[in-house]
Amino acid sequence: METVNLGLIGGGTVGGGVIRALRRNGALMASRLGVNLAIRRVAVRTPRKHQDLDLPEGVLTTDWRQVVEDPQVQIVVELAGGTTAARDMVLAALRLGKPVVTANKALLSAHGPELFRTAAQHGANLYYEASVAGGIPIIKVLRESLVGNRVVSLAGIVNGTCNYILTRMKLEGIEFNEVLAEAQRLGYAEAEPSLDVDGHDAAHKTGILASLAHGFWVDPKSIHTEGIRQISRLDIQFATRLGYTIKLLGVIKTFEAAPSGKKKPARKKAVDGPRIQVAVYPALIPNTHVLASVNHAFNAISVRGDIVGDTLFYGRGAGADATASSVLSDLADAALDLKHRSVERVPCFVAHSSDSRVVPMEEVVSRYYLRLEVIDQPGVFARISALLARAKIGISSIIQPEGHAGETVPVILMIHDASNAAMQKALKQIARLNVVRAEPVLIRVEPFE
Ligand code: NAP
Ligand code: HSE
């Protein structure tokens with residue numbers, strides 16, 4: 001049987017997972033593929049930390065170039081993380097015409113166009129199933145399985161760390177900081193946890209999904225991104241009372257402009273498709289929606305195609321084994337491409353347009369949950385609702401727990417459809433009222449109608 005030699009850069013959570021998974025299921029894969037996958041070199045920074053990988057003498061190195069440049073290595077697997085050295089690693093391998101497998105969404109987000117261009121120029125391919133949603137094969141779904149569909153909408157829980165934190169905050173009533181350390185210990189969190197909790201990791205993944213779904217490279221700068229630091233136990237409790245669960249969502253939607261009396265100036269006709277909204281934010285989702293019950297480090301992505309209708313993909317979004325499973329899938333594709341000399345059978349990225357069609361968030365219309373800390377005194381509601389009314393923003397319901405005169409109390413307002421621009425403007429005025437005593441918390445509501 002033909003053997004394909006692999007060179008891994010990184011032997012940490014994911015790299016270690018891949019080595020162990022190949023040890024466990026390598027023979028099974030060989031029997032399925034007719035190709036034997038053999039690990040020839042592994043680069044790490046500190047070999048003594050990796051004795052447990054139990055690799056044969058001479059496999060470990062501290063120099064990633066020895067992996068990439070080894071003439072025996074046919075596929076390079078980048079599992080080091082980061083965007084600087086990792087970019088050099090991937091470019092060096094592609095320039096040698098070697099296929100590359102990566103789990104590095106930050107790298108793709110920062111340098112995707114350059115990497116895809118280099119792959120095409122050198123007749124190599126770049127595989128990145130593990131970069132989005134851990135073990136869920138969502139890249140294959142968008143690029144191959146749903147190729148006959150226009151993607152109408154996609155909503156995903158794509159960050160395991162945030163989902164783990166929000167789940168434990170809800171189920172156990174604990175605060176954000178107490179749970180983050182646990183997510184780090186379990187190997188879900190990025191080396192720099194702000195990538196997770198401030199929404200950047202989810203934005204990297206959502207950008208990759210939006211690019212694949214809509215056929216043009218979505219510039220990460222055009223993705224409106226919010227994280228979960230501002231969500232408190234109190235918000236989770238109020239959301240529960242109202243029949244909602246708070247989740248960090250990646251949202252990709254075909255944009256529908258708000259109905260308005262005014263005639264808008266004609267916009268250049270989008271030749272290649274509709275304008276789209278691409279954003280990451282925490283959202284209240286109805287408890288009846290399936291995404292509300294996706295808990296802990298699990299991810300789920302719901303995709304609506306114009307032909308297929310609604311589809312749902314669920315699985316572990318982070319951790320060594322789940323991510324290794326996606327790397328193995330890419331290794332199988334890369335090995336079969338080498339075996340059959342069909343490198344471009346599935347191109348790494350299918351662009352059919354170079355024009356960005358991402359709508360600025362200000363134009364997007366949302367519903368909202370607004371929590372204010374206000375002094376409990378007569379006339380407070382009247383002042384807040386007057387500001388909202390002046391901005392033509394409607395309130396659909398109000399909750400105020402019983403308080404004591406003169407003390408601060410939380411007030412929850414559920415707000416009808418309003419553009420993000422109008423809502424932000426009204427919010428600034430509300431925050432300036434002398435009866436409002438803390439930074440307002442504004443969370444969008446995704447009704448999934
Ligand atoms: P990790 O545990 O920190 O492992 C990184 C590995 O890369 C370590 O073995 C490290 O060596 C090695 N490394 C880093 N820089 C290197 C260099 N310049 N030369 C040689 N080796 C180098 O990270 P991870 O969690 O496995 O993540 C790896 C990648 O997978 C990241 O892009 C991450 O975003 C992505 N990812 C992770 C998960 C997850 O659940 N963890 C899921 C999906 C995708 P030392 O150990 O010796 O320092
Ligand atoms: N830090 C990422 C997460 C790892 O928590 O989802 C998987 O990409």
# chains A, B, ... in the order shown; residues from 1 in each chain; ligands from 1

$ residues_near_ligand --ligand "ligand 2" --cutoff "6 Å" --atoms "only C-alpha atoms and all ligand atoms" --output "list in words"
Ala133, Gly134, Asn159, Gly160, Thr161, Tyr188, Ala189, Glu190, Asp196, Gly317 and Ala318 of chain A

$ write_last_selection --atoms "N, CA, C and O atoms" --output "compact mmCIF listing (two decimals), in the first residue's frame"
# COMPACT_ATOMS: atom_id res chain seq x y z
N ALA A 133 -15.48 25.29 14.12
CA ALA A 133 -16.40 24.40 14.83
C ALA A 133 -15.83 23.00 15.10
O ALA A 133 -16.56 22.01 15.05
N GLY A 134 -14.54 22.95 15.41
CA GLY A 134 -13.91 21.72 15.90
C GLY A 134 -14.22 20.50 15.06
O GLY A 134 -13.78 20.37 13.92
N ASN A 159 -17.97 29.21 19.03
CA ASN A 159 -16.87 29.29 19.99
C ASN A 159 -17.20 28.45 21.21
O ASN A 159 -18.11 28.78 21.99
N GLY A 160 -16.46 27.37 21.38
CA GLY A 160 -16.72 26.43 22.47
C GLY A 160 -16.49 27.06 23.83
O GLY A 160 -17.24 26.80 24.78
N THR A 161 -15.45 27.89 23.93
CA THR A 161 -15.13 28.50 25.23
C THR A 161 -16.28 29.38 25.71
O THR A 161 -16.72 29.28 26.86
N TYR A 188 -9.99 24.24 25.80
CA TYR A 188 -10.89 24.84 24.80
C TYR A 188 -10.40 26.23 24.40
O TYR A 188 -10.53 26.63 23.25
N ALA A 189 -9.89 26.96 25.40
CA ALA A 189 -9.58 28.38 25.16
C ALA A 189 -8.32 28.54 24.34
O ALA A 189 -7.42 27.70 24.38
N GLU A 190 -8.26 29.64 23.58
CA GLU A 190 -7.04 29.99 22.85
C GLU A 190 -5.96 30.39 23.85
O GLU A 190 -6.25 30.75 24.99
N ASP A 196 -11.18 34.45 22.46
CA ASP A 196 -12.46 33.77 22.66
C ASP A 196 -13.50 34.72 23.21
O ASP A 196 -14.54 34.94 22.60
N GLY A 317 -17.10 21.49 19.57
CA GLY A 317 -16.48 22.59 18.83
C GLY A 317 -15.04 22.85 19.21
O GLY A 317 -14.39 23.71 18.61
N ALA A 318 -14.53 22.16 20.20
CA ALA A 318 -13.16 22.41 20.63
C ALA A 318 -12.66 21.17 21.36
O ALA A 318 -13.43 20.26 21.67

$ residues_around --residues "Ile228 of chain A" --least-positions-apart "2" --cutoff "12 Å" --atoms "only C-alpha atoms" --output "ChimeraX atom specification"
/A:159,161-166,169,175-177,180,193-200,202,225-226,230-233,235-236,246-249,280-283,441-443

$ residues_around --residues "Gln66 of chain A" --least-positions-apart "5" --cutoff "10 Å" --atoms "only C-alpha atoms" --output "VMD selection string"
chain A and resid 7 9 41 to 43 60 to 61 71 73

$ write_last_selection --atoms "N, CA and C atoms" --output "CSV table (one decimal), in the first residue's frame"
chain,number,residue,atom,x,y,z
A,7,GLY,N,4.2,15.8,8.0
A,7,GLY,CA,5.0,16.6,8.9
A,7,GLY,C,4.1,17.5,9.7
A,9,ILE,N,3.6,20.5,12.5
A,9,ILE,CA,4.2,21.6,13.3
A,9,ILE,C,3.2,21.9,14.4
A,41,ARG,N,7.8,13.7,10.7
A,41,ARG,CA,8.5,14.7,11.5
A,41,ARG,C,7.4,15.5,12.3
A,42,VAL,N,7.8,15.9,13.6
A,42,VAL,CA,6.9,16.8,14.4
A,42,VAL,C,7.8,17.9,15.0
A,43,ALA,N,7.4,19.1,14.7
A,43,ALA,CA,8.1,20.3,15.4
A,43,ALA,C,7.3,20.8,16.6
A,60,LEU,N,11.0,14.1,16.5
A,60,LEU,CA,10.8,15.5,17.1
A,60,LEU,C,11.9,16.4,16.7
A,61,THR,N,11.6,17.7,16.4
A,61,THR,CA,12.6,18.7,16.1
A,61,THR,C,12.0,20.0,16.7
A,71,PRO,N,12.4,16.4,2.3
A,71,PRO,CA,11.9,15.9,1.0
A,71,PRO,C,10.9,14.7,1.1
A,73,VAL,N,8.6,14.5,3.5
A,73,VAL,CA,7.3,15.0,4.0
A,73,VAL,C,6.5,15.5,2.8

$ residues_around --residues "Ala38 of chain A" --least-positions-apart "3" --cutoff "10 Å" --atoms "only C-alpha atoms" --output "PDB file with N, CA, C and O atoms, in the first residue's frame"
ATOM      1  N   THR A   3       2.344   4.795   0.936  1.00  0.00           N
ATOM      2  CA  THR A   3       2.425   5.547   2.200  1.00  0.00           C
ATOM      3  C   THR A   3       2.588   7.030   1.886  1.00  0.00           C
ATOM      4  O   THR A   3       3.363   7.394   1.006  1.00  0.00           O
ATOM      5  N   VAL A   4       1.833   7.865   2.591  1.00  0.00           N
ATOM      6  CA  VAL A   4       1.997   9.322   2.477  1.00  0.00           C
ATOM      7  C   VAL A   4       2.585   9.819   3.794  1.00  0.00           C
ATOM      8  O   VAL A   4       2.048   9.522   4.867  1.00  0.00           O
ATOM      9  N   ASN A   5       3.704  10.541   3.710  1.00  0.00           N
ATOM     10  CA  ASN A   5       4.403  11.000   4.917  1.00  0.00           C
ATOM     11  C   ASN A   5       3.935  12.384   5.350  1.00  0.00           C
ATOM     12  O   ASN A   5       3.841  13.306   4.533  1.00  0.00           O
ATOM     13  N   LEU A   6       3.673  12.491   6.639  1.00  0.00           N
ATOM     14  CA  LEU A   6       3.158  13.740   7.194  1.00  0.00           C
ATOM     15  C   LEU A   6       4.224  14.449   8.022  1.00  0.00           C
ATOM     16  O   LEU A   6       5.002  13.795   8.729  1.00  0.00           O
ATOM     17  N   GLY A   7       4.209  15.774   7.966  1.00  0.00           N
ATOM     18  CA  GLY A   7       5.048  16.577   8.851  1.00  0.00           C
ATOM     19  C   GLY A   7       4.148  17.485   9.665  1.00  0.00           C
ATOM     20  O   GLY A   7       3.388  18.280   9.102  1.00  0.00           O
ATOM     21  N   ILE A  19      -1.847  13.021  16.702  1.00  0.00           N
ATOM     22  CA  ILE A  19      -0.890  11.904  16.814  1.00  0.00           C
ATOM     23  C   ILE A  19      -1.574  10.698  17.466  1.00  0.00           C
ATOM     24  O   ILE A  19      -1.487   9.561  16.987  1.00  0.00           O
ATOM     25  N   LEU A  22      -4.253   9.173  15.086  1.00  0.00           N
ATOM     26  CA  LEU A  22      -3.672   8.373  13.988  1.00  0.00           C
ATOM     27  C   LEU A  22      -3.184   7.023  14.507  1.00  0.00           C
ATOM     28  O   LEU A  22      -3.285   6.004  13.831  1.00  0.00           O
ATOM     29  N   ARG A  23      -2.659   7.074  15.739  1.00  0.00           N
ATOM     30  CA  ARG A  23      -2.185   5.815  16.340  1.00  0.00           C
ATOM     31  C   ARG A  23      -3.383   4.862  16.513  1.00  0.00           C
ATOM     32  O   ARG A  23      -3.287   3.672  16.275  1.00  0.00           O
ATOM     33  N   GLY A  26      -5.315   4.831  12.517  1.00  0.00           N
ATOM     34  CA  GLY A  26      -4.525   4.907  11.278  1.00  0.00           C
ATOM     35  C   GLY A  26      -4.762   3.692  10.386  1.00  0.00           C
ATOM     36  O   GLY A  26      -4.936   3.826   9.166  1.00  0.00           O
ATOM     37  N   VAL A  35      -4.417   4.180   1.455  1.00  0.00           N
ATOM     38  CA  VAL A  35      -3.181   4.950   1.652  1.00  0.00           C
ATOM     39  C   VAL A  35      -2.839   4.896   3.129  1.00  0.00           C
ATOM     40  O   VAL A  35      -3.723   5.062   3.985  1.00  0.00           O
ATOM     41  N   ARG A  41       7.844  13.728  10.700  1.00  0.00           N
ATOM     42  CA  ARG A  41       8.499  14.724  11.550  1.00  0.00           C
ATOM     43  C   ARG A  41       7.438  15.479  12.345  1.00  0.00           C
ATOM     44  O   ARG A  41       6.317  15.686  11.868  1.00  0.00           O
ATOM     45  N   VAL A  73       8.623  14.518   3.506  1.00  0.00           N
ATOM     46  CA  VAL A  73       7.320  14.998   4.002  1.00  0.00           C
ATOM     47  C   VAL A  73       6.473  15.460   2.824  1.00  0.00           C
ATOM     48  O   VAL A  73       6.857  16.369   2.083  1.00  0.00           O
TER      49      VAL A  73
END

$ closest_atom_pairs --of "chain A" --to "ligand 1" --cutoff "6 Å" --atoms "only C-alpha atoms and all ligand atoms" --output "CSV"
residue,atom,partner,partner_atom_place_in_ligand_line,distance
A:Ile9,CA,ligand 1,21 (N),5.4
A:Gly10,CA,ligand 1,7 (O),3.3
A:Gly11,CA,ligand 1,9 (O),3.6
A:Gly12,CA,ligand 1,4 (O),3.4
A:Thr13,CA,ligand 1,26 (O),3.7
A:Val14,CA,ligand 1,26 (O),3.7
A:Gly15,CA,ligand 1,26 (O),5.6
A:Ala43,CA,ligand 1,20 (C),4.7
A:Val44,CA,ligand 1,21 (N),3.4
A:Arg45,CA,ligand 1,47 (O),3.5
A:Thr46,CA,ligand 1,47 (O),3.6
A:Pro47,CA,ligand 1,47 (O),5.8
A:Thr62,CA,ligand 1,20 (C),5.6
A:Trp64,CA,ligand 1,19 (N),5.3
A:Leu79,CA,ligand 1,28 (C),4.3
A:Ala80,CA,ligand 1,7 (O),3.3
A:Gly81,CA,ligand 1,32 (O),3.3
A:Ala85,CA,ligand 1,18 (N),5.9
A:Ala103,CA,ligand 1,30 (O),4.6
A:Asn104,CA,ligand 1,32 (O),3.5
A:Ala130,CA,ligand 1,43 (C),5.6
A:Ser131,CA,ligand 1,44 (C),5.2
A:Gly134,CA,ligand 1,43 (C),4.9
A:Gly187,CA,ligand 1,41 (N),5.4
A:Tyr188,CA,ligand 1,40 (O),4.5
A:Ala318,CA,ligand 1,40 (O),3.6
A:Gly319,CA,ligand 1,40 (O),3.6
A:Ala320,CA,ligand 1,40 (O),5.7
A:Thr323,CA,ligand 1,42 (C),5.2

$ residues_around --residues "Ala86 of chain A" --least-positions-apart "2" --cutoff "12 Å" --atoms "only C-alpha atoms" --output "ChimeraX atom specification"
/A:9-10,64-65,68,76-84,88-93,100-108,110-111,115

$ write_last_selection --atoms "N, CA, C and O atoms" --output "tab-separated table (two decimals), in the first residue's frame"
chain	number	residue	atom	x	y	z
A	9	ILE	N	3.57	20.48	12.49
A	9	ILE	CA	4.19	21.57	13.28
A	9	ILE	C	3.21	21.86	14.40
A	9	ILE	O	2.11	22.36	14.16
A	10	GLY	N	3.61	21.49	15.63
A	10	GLY	CA	2.73	21.62	16.78
A	10	GLY	C	2.36	20.26	17.33
A	10	GLY	O	1.88	19.39	16.59
A	64	TRP	N	10.87	24.14	12.66
A	64	TRP	CA	9.77	23.79	11.75
A	64	TRP	C	10.24	23.66	10.30
A	64	TRP	O	9.63	22.95	9.51
A	65	ARG	N	11.34	24.34	9.95
A	65	ARG	CA	11.81	24.25	8.56
A	65	ARG	C	12.26	22.83	8.22
A	65	ARG	O	12.15	22.38	7.09
A	68	VAL	N	9.06	21.19	7.09
A	68	VAL	CA	8.56	21.63	5.77
A	68	VAL	C	9.51	21.19	4.66
A	68	VAL	O	9.07	20.75	3.59
A	76	VAL	N	2.07	18.92	4.93
A	76	VAL	CA	2.46	19.67	6.13
A	76	VAL	C	1.21	20.02	6.91
A	76	VAL	O	0.22	20.51	6.34
A	77	VAL	N	1.23	19.76	8.23
A	77	VAL	CA	0.08	20.02	9.07
A	77	VAL	C	0.46	21.12	10.07
A	77	VAL	O	1.29	20.89	10.95
A	78	GLU	N	-0.12	22.31	9.89
A	78	GLU	CA	0.24	23.44	10.77
A	78	GLU	C	-0.73	23.48	11.93
A	78	GLU	O	-1.91	23.81	11.77
A	79	LEU	N	-0.22	23.15	13.13
A	79	LEU	CA	-1.04	23.17	14.35
A	79	LEU	C	-0.31	23.94	15.45
A	79	LEU	O	-0.37	23.59	16.62
A	80	ALA	N	0.42	24.97	15.01
A	80	ALA	CA	1.20	25.76	15.96
A	80	ALA	C	0.38	26.93	16.49
A	80	ALA	O	0.54	27.35	17.63
A	81	GLY	N	-0.50	27.49	15.67
A	81	GLY	CA	-1.30	28.65	16.07
A	81	GLY	C	-0.56	29.95	15.82
A	81	GLY	O	0.61	29.96	15.42
A	82	GLY	N	-1.27	31.07	16.03
A	82	GLY	CA	-0.68	32.40	15.78
A	82	GLY	C	-0.72	32.74	14.30
A	82	GLY	O	-1.14	31.93	13.46
A	83	THR	N	-0.30	33.97	14.01
A	83	THR	CA	-0.43	34.42	12.61
A	83	THR	C	0.89	34.84	11.98
A	83	THR	O	0.92	35.15	10.80
A	84	THR	N	1.98	34.84	12.75
A	84	THR	CA	3.24	35.34	12.17
A	84	THR	C	4.10	34.17	11.68
A	84	THR	O	4.25	33.96	10.47
A	88	ASP	N	4.52	32.05	7.84
A	88	ASP	CA	5.77	31.63	7.17
A	88	ASP	C	5.75	30.12	6.91
A	88	ASP	O	6.17	29.66	5.86
A	89	MET	N	5.26	29.37	7.90
A	89	MET	CA	5.26	27.90	7.78
A	89	MET	C	4.39	27.47	6.60
A	89	MET	O	4.79	26.67	5.75
A	90	VAL	N	3.17	28.03	6.56
A	90	VAL	CA	2.21	27.61	5.53
A	90	VAL	C	2.68	28.07	4.15
A	90	VAL	O	2.67	27.29	3.18
A	91	LEU	N	3.16	29.31	4.07
A	91	LEU	CA	3.63	29.80	2.76
A	91	LEU	C	4.82	28.98	2.28
A	91	LEU	O	4.89	28.62	1.10
A	92	ALA	N	5.74	28.66	3.19
A	92	ALA	CA	6.94	27.89	2.79
A	92	ALA	C	6.53	26.53	2.23
A	92	ALA	O	7.05	26.08	1.21
A	93	ALA	N	5.57	25.89	2.88
A	93	ALA	CA	5.14	24.56	2.41
A	93	ALA	C	4.43	24.67	1.07
A	93	ALA	O	4.71	23.91	0.14
A	100	VAL	N	-1.17	21.66	2.48
A	100	VAL	CA	-1.11	22.04	3.90
A	100	VAL	C	-2.47	21.82	4.53
A	100	VAL	O	-3.50	22.17	3.93
A	101	VAL	N	-2.46	21.27	5.73
A	101	VAL	CA	-3.67	21.15	6.54
A	101	VAL	C	-3.47	22.07	7.74
A	101	VAL	O	-2.43	22.03	8.39
A	102	THR	N	-4.47	22.90	8.03
A	102	THR	CA	-4.34	23.79	9.20
A	102	THR	C	-5.66	23.84	9.97
A	102	THR	O	-6.73	23.65	9.39
A	103	ALA	N	-5.53	24.13	11.29
A	103	ALA	CA	-6.72	24.35	12.12
A	103	ALA	C	-6.79	25.81	12.52
A	103	ALA	O	-7.57	26.19	13.39
A	104	ASN	N	-5.98	26.63	11.85
A	104	ASN	CA	-5.69	27.97	12.34
A	104	ASN	C	-6.60	29.04	11.71
A	104	ASN	O	-6.29	29.63	10.69
A	105	LYS	N	-7.74	29.27	12.37
A	105	LYS	CA	-8.69	30.25	11.82
A	105	LYS	C	-8.17	31.68	11.90
A	105	LYS	O	-8.49	32.51	11.04
A	106	ALA	N	-7.35	31.98	12.93
A	106	ALA	CA	-6.80	33.34	13.03
A	106	ALA	C	-5.90	33.61	11.83
A	106	ALA	O	-5.92	34.70	11.24
A	107	LEU	N	-5.13	32.61	11.45
A	107	LEU	CA	-4.22	32.75	10.30
A	107	LEU	C	-5.02	32.95	9.01
A	107	LEU	O	-4.72	33.84	8.21
A	108	LEU	N	-6.07	32.13	8.83
A	108	LEU	CA	-6.87	32.25	7.61
A	108	LEU	C	-7.56	33.61	7.55
A	108	LEU	O	-7.64	34.24	6.50
A	110	ALA	N	-6.56	36.40	8.91
A	110	ALA	CA	-5.60	37.49	8.68
A	110	ALA	C	-5.00	37.43	7.27
A	110	ALA	O	-4.73	38.47	6.67
A	111	HIS	N	-4.76	36.22	6.76
A	111	HIS	CA	-3.98	36.11	5.52
A	111	HIS	C	-4.61	35.21	4.47
A	111	HIS	O	-3.92	34.74	3.56
A	115	LEU	N	-2.81	33.26	1.20
A	115	LEU	CA	-2.56	31.81	1.30
A	115	LEU	C	-3.26	31.07	0.16
A	115	LEU	O	-2.66	30.19	-0.47

$ atom_distance --atom1 "atom CA of Thr118 of chain A" --atom2 "atom CA of Gly156 of chain A"
29.6 Å

$ select_by_dssp --residues "segment 167-411 of chain A" --states "alpha helix (DSSP H)" --output "PyMOL selection string"
chain A and resi 167-172+176-185+194-197+200-214+233-241+320-340+380-390

$ residues_around --residues "Ser293 of chain A" --least-positions-apart "5" --cutoff "12 Å" --atoms "only C-alpha atoms" --output "PyMOL selection string"
chain A and resi 157+163+166-167+170-171+244-247+285-288+298-300+314

$ closest_atom_pairs --of "segment 276-314 of chain A" --to "segment 149-155 of chain A" --cutoff "10 Å" --atoms "only C-alpha atoms" --output "CSV"
residue,atom,partner,partner_atom,distance
A:Ile276,CA,A:Ser153,CA,9.1
A:Gln277,CA,A:Ser153,CA,9.4
A:Val278,CA,A:Leu154,CA,9.5
A:Ala279,CA,A:Ala155,CA,9.8
A:Val280,CA,A:Ala155,CA,9.6
A:Leu291,CA,A:Ala155,CA,8.9
A:Ala300,CA,A:Ala155,CA,8.5
A:Ile301,CA,A:Ala155,CA,5.8
A:Ser302,CA,A:Ala155,CA,5.4
A:Val303,CA,A:Leu154,CA,4.4
A:Arg304,CA,A:Ser153,CA,5.2
A:Gly305,CA,A:Val151,CA,4.5
A:Asp306,CA,A:Arg150,CA,5.5
A:Ile307,CA,A:Asn149,CA,5.6
A:Val308,CA,A:Asn149,CA,7.1
A:Gly309,CA,A:Val152,CA,9.0
A:Asp310,CA,A:Ser153,CA,9.2
A:Thr311,CA,A:Leu154,CA,9.5
A:Leu312,CA,A:Leu154,CA,9.7

$ closest_residue --among "A:Ser342, A:Ser419, A:Thr206, A:Gln429" --to "Ser385 of chain A" --atoms "only C-alpha atoms"
A:Gln429

$ closest_residue --among "A:Glu407, A:Glu192, A:Asp52, A:Glu57" --to "Arg40 of chain A" --atoms "only C-alpha atoms"
A:Glu57

$ closest_residue --among "A:Pro410, A:Gly207, A:Pro347, A:Pro440" --to "Lys140 of chain A" --atoms "only C-alpha atoms"
A:Pro347

$ decode --residues "segment 273-294 of chain A" --atoms "C-alpha atoms" --output "PDB file, in the first residue's frame"
ATOM      1  CA  GLY A 273     -25.660  38.242  -5.155  1.00  0.00           C
ATOM      2  CA  PRO A 274     -27.444  40.010  -2.330  1.00  0.00           C
ATOM      3  CA  ARG A 275     -25.899  42.239   0.309  1.00  0.00           C
ATOM      4  CA  ILE A 276     -25.230  40.290   3.498  1.00  0.00           C
ATOM      5  CA  GLN A 277     -24.976  40.908   7.208  1.00  0.00           C
ATOM      6  CA  VAL A 278     -21.953  39.250   8.855  1.00  0.00           C
ATOM      7  CA  ALA A 279     -21.623  39.717  12.599  1.00  0.00           C
ATOM      8  CA  VAL A 280     -20.771  38.123  15.923  1.00  0.00           C
ATOM      9  CA  TYR A 281     -22.676  39.095  19.051  1.00  0.00           C
ATOM     10  CA  PRO A 282     -24.306  37.608  22.120  1.00  0.00           C
ATOM     11  CA  ALA A 283     -28.024  37.194  21.489  1.00  0.00           C
ATOM     12  CA  LEU A 284     -31.167  36.168  23.314  1.00  0.00           C
ATOM     13  CA  ILE A 285     -32.596  33.203  21.443  1.00  0.00           C
ATOM     14  CA  PRO A 286     -35.986  31.637  22.220  1.00  0.00           C
ATOM     15  CA  ASN A 287     -35.721  28.558  24.429  1.00  0.00           C
ATOM     16  CA  THR A 288     -37.806  26.751  21.833  1.00  0.00           C
ATOM     17  CA  HIS A 289     -35.080  27.128  19.192  1.00  0.00           C
ATOM     18  CA  VAL A 290     -32.709  24.196  18.876  1.00  0.00           C
ATOM     19  CA  LEU A 291     -29.589  26.386  19.313  1.00  0.00           C
ATOM     20  CA  ALA A 292     -30.790  27.282  22.829  1.00  0.00           C
ATOM     21  CA  SER A 293     -30.111  23.747  24.001  1.00  0.00           C
ATOM     22  CA  VAL A 294     -26.567  23.531  22.618  1.00  0.00           C
TER      23      VAL A 294
END
